[in-house]
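Okay, target31.pdb now, which holds PDB, C-alpha atoms, pLDDT in the B column:
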```pdb
MODEL        1
ATOM      1  CA  MET Z 123      -7.790 -21.058 -10.767  1.00 41.00           C
ATOM      2  CA  VAL Z 124      -9.894 -17.938 -11.279  1.00 44.00           C
ATOM      3  CA  ILE Z 125      -9.812 -15.139  -8.720  1.00 48.00           C
ATOM      4  CA  GLY Z 126     -12.946 -15.343  -6.628  1.00 47.00           C
ATOM      5  CA  GLU Z 127     -13.155 -19.162  -6.613  1.00 48.00           C
ATOM      6  CA  ALA Z 128     -12.989 -21.023  -3.310  1.00 45.00           C
ATOM      7  CA  LEU Z 129      -9.497 -21.855  -2.174  1.00 48.00           C
ATOM      8  CA  PRO Z 130      -8.481 -25.521  -2.526  1.00 50.00           C
ATOM      9  CA  ALA Z 131      -8.669 -27.734   0.566  1.00 50.00           C
ATOM     10  CA  ASP Z 132      -4.897 -28.204   0.655  1.00 61.00           C
ATOM     11  CA  TRP Z 133      -4.264 -24.444   0.741  1.00 54.00           C
ATOM     12  CA  MET Z 134      -2.750 -24.597   4.230  1.00 60.00           C
ATOM     13  CA  ASP Z 135      -0.259 -27.267   3.161  1.00 64.00           C
ATOM     14  CA  GLU Z 136       0.629 -25.189   0.127  1.00 62.00           C
ATOM     15  CA  LEU Z 137       1.081 -22.152   2.371  1.00 58.00           C
ATOM     16  CA  VAL Z 138       3.520 -24.003   4.625  1.00 66.00           C
ATOM     17  CA  VAL Z 139       5.533 -25.196   1.620  1.00 64.00           C
ATOM     18  CA  GLN Z 140       5.516 -21.692   0.156  1.00 62.00           C
ATOM     19  CA  LEU Z 141       6.704 -20.079   3.379  1.00 61.00           C
ATOM     20  CA  THR Z 142       9.464 -22.603   4.065  1.00 69.00           C
ATOM     21  CA  GLY Z 143      10.734 -22.209   0.512  1.00 66.00           C
ATOM     22  CA  THR Z 144      10.545 -18.405   0.459  1.00 69.00           C
ATOM     23  CA  PRO Z 145      13.921 -16.779  -0.312  1.00 75.00           C
ATOM     24  CA  LEU Z 146      15.580 -14.668   2.383  1.00 79.00           C
ATOM     25  CA  LEU Z 147      15.233 -11.547   0.227  1.00 82.00           C
ATOM     26  CA  HIS Z 148      11.444 -11.897   0.333  1.00 79.00           C
ATOM     27  CA  TRP Z 149      11.516 -12.081   4.137  1.00 84.00           C
ATOM     28  CA  VAL Z 150      13.681  -8.956   4.318  1.00 87.00           C
ATOM     29  CA  GLY Z 151      11.267  -7.086   2.059  1.00 85.00           C
ATOM     30  CA  VAL Z 152       8.262  -8.179   4.117  1.00 84.00           C
ATOM     31  CA  ALA Z 153      10.017  -7.294   7.393  1.00 89.00           C
ATOM     32  CA  CYS Z 154      10.735  -3.785   6.113  1.00 90.00           C
ATOM     33  CA  GLY Z 155       7.081  -3.497   5.066  1.00 84.00           C
ATOM     34  CA  VAL Z 156       5.917  -4.514   8.546  1.00 86.00           C
ATOM     35  CA  VAL Z 157       8.184  -1.936  10.198  1.00 90.00           C
ATOM     36  CA  GLN Z 158       6.975   0.691   7.731  1.00 87.00           C
ATOM     37  CA  VAL Z 159       3.280   0.232   8.493  1.00 81.00           C
ATOM     38  CA  LEU Z 160       3.862   0.129  12.254  1.00 84.00           C
ATOM     39  CA  LEU Z 161       5.746   3.428  12.012  1.00 86.00           C
ATOM     40  CA  ALA Z 162       2.984   4.857   9.792  1.00 79.00           C
ATOM     41  CA  LYS Z 163       0.419   3.872  12.424  1.00 76.00           C
ATOM     42  CA  THR Z 164       2.232   6.015  14.990  1.00 78.00           C
ATOM     43  CA  ASN Z 165       2.647   8.891  12.503  1.00 74.00           C
ATOM     44  CA  ASN Z 166       6.460   8.483  12.497  1.00 82.00           C
ATOM     45  CA  VAL Z 167       8.440   9.891   9.556  1.00 81.00           C
ATOM     46  CA  LEU Z 168      10.907   6.973   9.747  1.00 86.00           C
ATOM     47  CA  LEU Z 169       8.289   4.902   7.929  1.00 87.00           C
ATOM     48  CA  TYR Z 170       9.746   6.210   4.662  1.00 87.00           C
ATOM     49  CA  PRO Z 171      13.305   4.746   4.700  1.00 91.00           C
ATOM     50  CA  PHE Z 172      11.925   1.342   5.669  1.00 92.00           C
ATOM     51  CA  GLY Z 173       9.223   1.705   3.033  1.00 89.00           C
ATOM     52  CA  ILE Z 174      11.733   2.525   0.315  1.00 92.00           C
ATOM     53  CA  ALA Z 175      13.793  -0.583   1.150  1.00 92.00           C
ATOM     54  CA  SER Z 176      10.633  -2.721   1.036  1.00 90.00           C
ATOM     55  CA  ILE Z 177       9.549  -1.199  -2.278  1.00 91.00           C
ATOM     56  CA  VAL Z 178      12.839  -1.915  -4.045  1.00 91.00           C
ATOM     57  CA  ILE Z 179      12.767  -5.564  -2.965  1.00 91.00           C
ATOM     58  CA  THR Z 180       9.071  -5.921  -3.800  1.00 88.00           C
ATOM     59  CA  ILE Z 181       9.592  -4.648  -7.350  1.00 89.00           C
ATOM     60  CA  TYR Z 182      12.070  -7.467  -7.939  1.00 88.00           C
ATOM     61  CA  VAL Z 183       9.635 -10.049  -6.517  1.00 84.00           C
ATOM     62  CA  LEU Z 184       6.680  -8.762  -8.532  1.00 83.00           C
ATOM     63  CA  ASN Z 185       8.658  -8.831 -11.754  1.00 84.00           C
ATOM     64  CA  GLU Z 186       9.268 -12.539 -11.223  1.00 80.00           C
ATOM     65  CA  ALA Z 187       5.504 -13.052 -10.622  1.00 76.00           C
ATOM     66  CA  GLY Z 188       4.421 -11.051 -13.687  1.00 77.00           C
ATOM     67  CA  LEU Z 189       2.331  -8.540 -11.716  1.00 77.00           C
ATOM     68  CA  TYR Z 190       3.125  -5.619 -13.968  1.00 79.00           C
ATOM     69  CA  ALA Z 191       0.602  -3.091 -12.659  1.00 75.00           C
ATOM     70  CA  GLU Z 192       1.872  -3.834  -9.173  1.00 76.00           C
ATOM     71  CA  ILE Z 193       5.379  -2.971 -10.395  1.00 84.00           C
ATOM     72  CA  LEU Z 194       4.110   0.368 -11.688  1.00 81.00           C
ATOM     73  CA  LEU Z 195       2.331   0.831  -8.367  1.00 76.00           C
ATOM     74  CA  ASN Z 196       5.547   0.265  -6.457  1.00 84.00           C
ATOM     75  CA  LEU Z 197       7.470   2.642  -8.717  1.00 89.00           C
ATOM     76  CA  TYR Z 198       4.792   5.184  -7.855  1.00 80.00           C
ATOM     77  CA  TYR Z 199       5.228   4.251  -4.180  1.00 80.00           C
ATOM     78  CA  LEU Z 200       8.933   4.926  -4.553  1.00 89.00           C
ATOM     79  CA  VAL Z 201       8.395   8.397  -5.991  1.00 86.00           C
ATOM     80  CA  MET Z 202       5.704   9.257  -3.444  1.00 80.00           C
ATOM     81  CA  SER Z 203       7.838   7.916  -0.601  1.00 84.00           C
ATOM     82  CA  VAL Z 204      10.702  10.231  -1.527  1.00 87.00           C
ATOM     83  CA  TYR Z 205       8.227  13.096  -1.906  1.00 82.00           C
ATOM     84  CA  GLY Z 206       6.428  12.234   1.333  1.00 79.00           C
ATOM     85  CA  TRP Z 207       9.680  11.923   3.269  1.00 83.00           C
ATOM     86  CA  ALA Z 208      10.735  15.402   2.154  1.00 82.00           C
ATOM     87  CA  TYR Z 209       7.228  16.800   2.733  1.00 77.00           C
ATOM     88  CA  TRP Z 210       7.011  15.449   6.285  1.00 74.00           C
ATOM     89  CA  LEU Z 211      10.429  16.683   7.367  1.00 75.00           C
ATOM     90  CA  LYS Z 212      10.648  19.980   9.151  1.00 60.00           C
ATOM     91  CA  ARG Z 213      12.402  22.520   6.972  1.00 52.00           C
ATOM     92  CA  SER Z 214      14.132  25.640   8.208  1.00 42.00           C
ATOM     93  CA  GLY Z 215      11.566  28.176   9.380  1.00 49.00           C
ATOM     94  CA  ASP Z 216       8.590  25.878   8.665  1.00 60.00           C
ATOM     95  CA  GLU Z 217       6.294  23.957  10.961  1.00 62.00           C
ATOM     96  CA  PRO Z 218       6.229  20.174  10.430  1.00 58.00           C
ATOM     97  CA  VAL Z 219       3.238  18.901   8.487  1.00 67.00           C
ATOM     98  CA  LYS Z 220       0.540  17.567  10.809  1.00 80.00           C
ATOM     99  CA  ALA Z 221      -1.947  14.778  10.239  1.00 85.00           C
ATOM    100  CA  SER Z 222      -5.345  16.096   9.189  1.00 92.00           C
ATOM    101  CA  TYR Z 223      -8.559  15.307   7.338  1.00 95.00           C
ATOM    102  CA  ALA Z 224      -8.640  15.647   3.559  1.00 95.00           C
ATOM    103  CA  SER Z 225     -10.463  18.588   2.065  1.00 95.00           C
ATOM    104  CA  ALA Z 226     -13.139  18.165  -0.597  1.00 96.00           C
ATOM    105  CA  ARG Z 227     -10.536  19.125  -3.206  1.00 96.00           C
ATOM    106  CA  GLU Z 228      -8.056  16.530  -1.945  1.00 96.00           C
ATOM    107  CA  TRP Z 229     -10.773  13.855  -1.927  1.00 96.00           C
ATOM    108  CA  GLY Z 230     -11.605  14.842  -5.472  1.00 96.00           C
ATOM    109  CA  ILE Z 231      -7.994  14.433  -6.565  1.00 96.00           C
ATOM    110  CA  ALA Z 232      -7.782  11.023  -4.874  1.00 96.00           C
ATOM    111  CA  LEU Z 233     -10.949   9.791  -6.596  1.00 96.00           C
ATOM    112  CA  LEU Z 234      -9.717  11.205  -9.906  1.00 97.00           C
ATOM    113  CA  ILE Z 235      -6.518   9.173  -9.512  1.00 94.00           C
ATOM    114  CA  VAL Z 236      -8.650   6.030  -9.179  1.00 96.00           C
ATOM    115  CA  ALA Z 237     -11.011   6.992 -12.014  1.00 97.00           C
ATOM    116  CA  LEU Z 238      -8.180   7.674 -14.455  1.00 95.00           C
ATOM    117  CA  GLY Z 239      -5.667   5.145 -13.184  1.00 92.00           C
ATOM    118  CA  PHE Z 240      -7.897   2.063 -13.339  1.00 95.00           C
ATOM    119  CA  PRO Z 241      -8.860   2.152 -17.044  1.00 96.00           C
ATOM    120  CA  VAL Z 242      -5.375   3.236 -18.097  1.00 92.00           C
ATOM    121  CA  LEU Z 243      -3.722   0.416 -16.175  1.00 89.00           C
ATOM    122  CA  TYR Z 244      -6.291  -2.152 -17.317  1.00 92.00           C
ATOM    123  CA  GLY Z 245      -5.889  -1.158 -20.931  1.00 93.00           C
ATOM    124  CA  ALA Z 246      -2.109  -1.290 -20.710  1.00 88.00           C
ATOM    125  CA  LEU Z 247      -2.145  -4.711 -19.046  1.00 86.00           C
ATOM    126  CA  VAL Z 248      -4.485  -6.204 -21.637  1.00 90.00           C
ATOM    127  CA  ARG Z 249      -2.703  -4.678 -24.602  1.00 88.00           C
ATOM    128  CA  PHE Z 250       0.952  -4.896 -23.670  1.00 83.00           C
ATOM    129  CA  THR Z 251       1.368  -7.717 -21.119  1.00 81.00           C
ATOM    130  CA  ASP Z 252       0.469 -11.351 -20.490  1.00 83.00           C
ATOM    131  CA  SER Z 253      -1.272 -10.502 -17.197  1.00 80.00           C
ATOM    132  CA  THR Z 254      -3.683 -13.196 -16.002  1.00 81.00           C
ATOM    133  CA  GLY Z 255      -5.600 -10.874 -13.671  1.00 83.00           C
ATOM    134  CA  PRO Z 256      -5.695  -7.440 -15.319  1.00 88.00           C
ATOM    135  CA  VAL Z 257      -8.905  -6.220 -13.669  1.00 92.00           C
ATOM    136  CA  TRP Z 258      -7.810  -7.018 -10.127  1.00 89.00           C
ATOM    137  CA  ASP Z 259      -4.234  -5.949 -10.742  1.00 87.00           C
ATOM    138  CA  ALA Z 260      -5.351  -2.584 -12.147  1.00 91.00           C
ATOM    139  CA  TRP Z 261      -7.895  -1.984  -9.361  1.00 94.00           C
ATOM    140  CA  VAL Z 262      -5.435  -2.799  -6.578  1.00 92.00           C
ATOM    141  CA  SER Z 263      -2.901  -0.440  -8.082  1.00 88.00           C
ATOM    142  CA  ALA Z 264      -5.271   2.456  -8.835  1.00 92.00           C
ATOM    143  CA  THR Z 265      -6.785   2.547  -5.343  1.00 95.00           C
ATOM    144  CA  ALA Z 266      -3.364   2.242  -3.740  1.00 90.00           C
ATOM    145  CA  TRP Z 267      -2.070   5.127  -5.893  1.00 87.00           C
ATOM    146  CA  ALA Z 268      -4.786   7.338  -4.447  1.00 93.00           C
ATOM    147  CA  GLY Z 269      -4.154   6.144  -0.899  1.00 92.00           C
ATOM    148  CA  MET Z 270      -0.425   6.729  -1.180  1.00 84.00           C
ATOM    149  CA  TRP Z 271      -1.012  10.262  -2.429  1.00 88.00           C
ATOM    150  CA  LEU Z 272      -3.138  10.980   0.649  1.00 92.00           C
ATOM    151  CA  LEU Z 273      -0.479   9.422   2.890  1.00 84.00           C
ATOM    152  CA  ALA Z 274       2.180  11.707   1.414  1.00 80.00           C
ATOM    153  CA  LYS Z 275      -0.136  14.637   2.201  1.00 87.00           C
ATOM    154  CA  ARG Z 276      -0.523  13.222   5.734  1.00 87.00           C
ATOM    155  CA  LYS Z 277      -4.293  12.833   5.385  1.00 94.00           C
ATOM    156  CA  ILE Z 278      -6.104  10.325   7.594  1.00 94.00           C
ATOM    157  CA  GLU Z 279      -8.243   9.071   4.705  1.00 95.00           C
ATOM    158  CA  ASN Z 280      -5.185   7.386   3.226  1.00 94.00           C
ATOM    159  CA  TRP Z 281      -5.993   4.404   5.457  1.00 93.00           C
ATOM    160  CA  ILE Z 282      -9.424   4.003   3.834  1.00 95.00           C
ATOM    161  CA  LEU Z 283      -8.180   3.828   0.250  1.00 95.00           C
ATOM    162  CA  LEU Z 284      -5.139   1.751   1.135  1.00 93.00           C
ATOM    163  CA  ASN Z 285      -7.431  -0.803   2.781  1.00 94.00           C
ATOM    164  CA  VAL Z 286      -9.684  -0.932  -0.271  1.00 96.00           C
ATOM    165  CA  SER Z 287      -6.535  -1.849  -2.188  1.00 95.00           C
ATOM    166  CA  ASN Z 288      -5.421  -4.346   0.476  1.00 94.00           C
ATOM    167  CA  ALA Z 289      -8.787  -6.122   0.469  1.00 95.00           C
ATOM    168  CA  PHE Z 290      -8.396  -6.971  -3.222  1.00 94.00           C
ATOM    169  CA  ALA Z 291      -4.634  -7.533  -3.097  1.00 93.00           C
ATOM    170  CA  ILE Z 292      -4.864 -10.432  -0.624  1.00 93.00           C
ATOM    171  CA  PRO Z 293      -6.677 -12.873  -2.967  1.00 92.00           C
ATOM    172  CA  LEU Z 294      -4.610 -11.584  -5.895  1.00 88.00           C
ATOM    173  CA  PHE Z 295      -1.363 -12.552  -4.152  1.00 86.00           C
ATOM    174  CA  VAL Z 296      -2.800 -15.945  -3.154  1.00 85.00           C
ATOM    175  CA  TYR Z 297      -3.793 -16.523  -6.783  1.00 84.00           C
ATOM    176  CA  LYS Z 298      -0.224 -15.739  -7.847  1.00 80.00           C
ATOM    177  CA  GLY Z 299       1.246 -18.044  -5.208  1.00 78.00           C
ATOM    178  CA  LEU Z 300       2.801 -15.184  -3.232  1.00 80.00           C
ATOM    179  CA  HIS Z 301       1.460 -16.379   0.107  1.00 80.00           C
ATOM    180  CA  LEU Z 302       4.008 -14.498   2.192  1.00 79.00           C
ATOM    181  CA  TYR Z 303       2.962 -11.243   0.563  1.00 81.00           C
ATOM    182  CA  ALA Z 304      -0.702 -12.206   1.017  1.00 86.00           C
ATOM    183  CA  LEU Z 305      -0.051 -12.599   4.749  1.00 86.00           C
ATOM    184  CA  LEU Z 306       1.809  -9.282   4.827  1.00 81.00           C
ATOM    185  CA  THR Z 307      -1.124  -7.575   3.105  1.00 88.00           C
ATOM    186  CA  LEU Z 308      -3.558  -9.130   5.589  1.00 92.00           C
ATOM    187  CA  PHE Z 309      -1.372  -7.746   8.369  1.00 86.00           C
ATOM    188  CA  LEU Z 310      -1.350  -4.335   6.671  1.00 84.00           C
ATOM    189  CA  PHE Z 311      -5.137  -4.470   6.401  1.00 92.00           C
ATOM    190  CA  ILE Z 312      -5.506  -5.051  10.134  1.00 92.00           C
ATOM    191  CA  VAL Z 313      -2.924  -2.439  11.107  1.00 85.00           C
ATOM    192  CA  ALA Z 314      -4.543   0.112   8.775  1.00 88.00           C
ATOM    193  CA  ILE Z 315      -7.769  -0.149  10.773  1.00 92.00           C
ATOM    194  CA  PHE Z 316      -5.893   0.660  13.978  1.00 89.00           C
ATOM    195  CA  GLY Z 317      -3.868   3.278  12.108  1.00 86.00           C
ATOM    196  CA  TYR Z 318      -7.004   5.173  11.151  1.00 92.00           C
ATOM    197  CA  PHE Z 319      -8.187   5.418  14.742  1.00 93.00           C
ATOM    198  CA  GLU Z 320      -4.689   6.253  16.007  1.00 88.00           C
ATOM    199  CA  TRP Z 321      -4.417   9.143  13.533  1.00 89.00           C
ATOM    200  CA  LYS Z 322      -7.906  10.256  14.539  1.00 93.00           C
ATOM    201  CA  ARG Z 323      -6.789  10.356  18.171  1.00 91.00           C
ATOM    202  CA  ILE Z 324      -3.672  12.345  17.197  1.00 87.00           C
ATOM    203  CA  ILE Z 325      -5.728  14.870  15.194  1.00 91.00           C
ATOM    204  CA  ASN Z 326      -8.259  15.309  18.005  1.00 91.00           C
ATOM    205  CA  ARG Z 327      -5.464  15.758  20.558  1.00 89.00           C
ATOM    206  CA  GLU Z 328      -3.754  18.400  18.419  1.00 84.00           C
ATOM    207  CA  ARG Z 329      -7.066  20.211  17.903  1.00 84.00           C
ATOM    208  CA  ALA Z 330      -7.735  20.184  21.631  1.00 83.00           C
ATOM    209  CA  GLY Z 331      -4.307  21.625  22.330  1.00 73.00           C
ATOM    210  CA  ALA Z 332      -4.597  24.322  19.685  1.00 59.00           C
TER     211      ALA Z 332
ENDMDL
END
```

What would you get if you wrote out this structure as structure tokens?
Amino acid sequence: MVIGEALPADWMDELVVQLTGTPLLHWVGVACGVVQVLLAKTNNVLLYPFGIASIVITIYVLNEAGLYAEILLNLYYLVMSVYGWAYWLKRSGDEPVKASYASAREWGIALLIVALGFPVLYGALVRFTDSTGPVWDAWVSATAWAGMWLLAKRKIENWILLNVSNAFAIPLFVYKGLHLYALLTLFLFIVAIFGYFEWKRIINRERAGA
């Protein structure tokens, strides 16, 4: 099956079989991911410990599936989660970081991450791995890298780039037979839409109260 082809007619039956045979560890990882994105939607710093637990489990799952760029992506998630957790926390004598819009410079950095990350990841996948979907794998990872950087900076535009990544990750996971993770990513895609507008409401409320 090539990514982009129509799904087979028995996809729903395959989904049911996949879900009923999914190991408990996968469910735990997905559950932590669901809690993480719901906490992110409400701008709650506790998203990070749940996210870290989900990342560690996901790395193990992705290694079994041979999604190597996704593993690198999740290692990046892990680093950025630790950084973001520390960045969000209120330190002695400092005000907590508030949600805000990205500046032109921050947008430039995010786009540079995509522009540099995609060809580097694609080249590495083609040259050093047996990846069967290097273009999609590299694109999903590069756009998510940029989105995660904006999330760590508490910028509302993180939702935009993360959803670009999610939109391509869903068929990629289906192609790899990771239907539970495809459903999780679909859920993340939907929540990210609400998350954007929730953060927008929070920013407007803080501006009005300033």

Evaluate the PyMOL selection byres ((chain Z and resi 311-324) around 6) and report residues as an MDAnalysis selection string: chainID Z and resid 163 281 285 288 308:310 325:327

So that I can see what lies close to Z:Phe290, please list as a count of residues only the residues with an atom at most 9 Å from it, counting all atoms listed in the file and leaving out residues fewer than 2 positions away in the same chain. 11

Translate the PyMOL selection byres ((chain Z and resi 181) around 9) into a concrete residue list for this structure, as a PyMOL selection string. chain Z and resi 176-180+182-186+192-194+196-197

Close residues, Z:Val167 itself excluded, 12 Å, all atoms listed in the file, min 5 positions apart in chain, as a PDB file with C-alpha atoms, keeping the file's coordinate frame:
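Wrote around_12.pdb, looks like this:
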```pdb
ATOM      1  CA  VAL Z 157       8.184  -1.936  10.198  1.00 90.00           C
ATOM      2  CA  GLN Z 158       6.975   0.691   7.731  1.00 87.00           C
ATOM      3  CA  VAL Z 159       3.280   0.232   8.493  1.00 81.00           C
ATOM      4  CA  LEU Z 160       3.862   0.129  12.254  1.00 84.00           C
ATOM      5  CA  LEU Z 161       5.746   3.428  12.012  1.00 86.00           C
ATOM      6  CA  ALA Z 162       2.984   4.857   9.792  1.00 79.00           C
ATOM      7  CA  PHE Z 172      11.925   1.342   5.669  1.00 92.00           C
ATOM      8  CA  GLY Z 173       9.223   1.705   3.033  1.00 89.00           C
ATOM      9  CA  SER Z 203       7.838   7.916  -0.601  1.00 84.00           C
ATOM     10  CA  VAL Z 204      10.702  10.231  -1.527  1.00 87.00           C
ATOM     11  CA  TYR Z 205       8.227  13.096  -1.906  1.00 82.00           C
ATOM     12  CA  GLY Z 206       6.428  12.234   1.333  1.00 79.00           C
ATOM     13  CA  TRP Z 207       9.680  11.923   3.269  1.00 83.00           C
ATOM     14  CA  ALA Z 208      10.735  15.402   2.154  1.00 82.00           C
ATOM     15  CA  TYR Z 209       7.228  16.800   2.733  1.00 77.00           C
ATOM     16  CA  TRP Z 210       7.011  15.449   6.285  1.00 74.00           C
ATOM     17  CA  LEU Z 211      10.429  16.683   7.367  1.00 75.00           C
ATOM     18  CA  LYS Z 212      10.648  19.980   9.151  1.00 60.00           C
ATOM     19  CA  PRO Z 218       6.229  20.174  10.430  1.00 58.00           C
ATOM     20  CA  VAL Z 219       3.238  18.901   8.487  1.00 67.00           C
ATOM     21  CA  LYS Z 220       0.540  17.567  10.809  1.00 80.00           C
ATOM     22  CA  ALA Z 221      -1.947  14.778  10.239  1.00 85.00           C
ATOM     23  CA  LEU Z 273      -0.479   9.422   2.890  1.00 84.00           C
ATOM     24  CA  ALA Z 274       2.180  11.707   1.414  1.00 80.00           C
ATOM     25  CA  ARG Z 276      -0.523  13.222   5.734  1.00 87.00           C
TER      26      ARG Z 276
END
```

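Residues matching the PyMOL selection byres ((chain Z and resi 239) around 9) in this structure come to Leu234, Ile235, Val236, Ala237, Leu238, Phe240, Pro241, Val242, Leu243, Tyr244, Ala260, Trp261, Ser263, Ala264, Thr265 and Trp267 of chain Z.
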
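Closest approach to Z:Lys298 among Z:Gly255, Z:Ala232, Z:Arg329, Z:Glu279: Z:Gly255, based on all atoms listed in the file.
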
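A straight line drawn from atom CA of Z:Leu305 to atom CA of Z:Ala153 is 11.7 Å long.
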
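Between Z:Trp271 and the candidates Z:Leu200, Z:Val150, Z:Leu302, Z:Ala187, the tightest atom-to-atom separation, counting all atoms listed in the file, involves Z:Leu200.
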
Just give me the gap between atom CA of Z:Val201 and atom CA of Z:Cys154 in Å, one decimal is fine. 17.3 Å

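For the atom pair formed by atom CA of Z:Leu247 and atom CA of Z:Leu189, the distance is 9.4 Å, given to one decimal.
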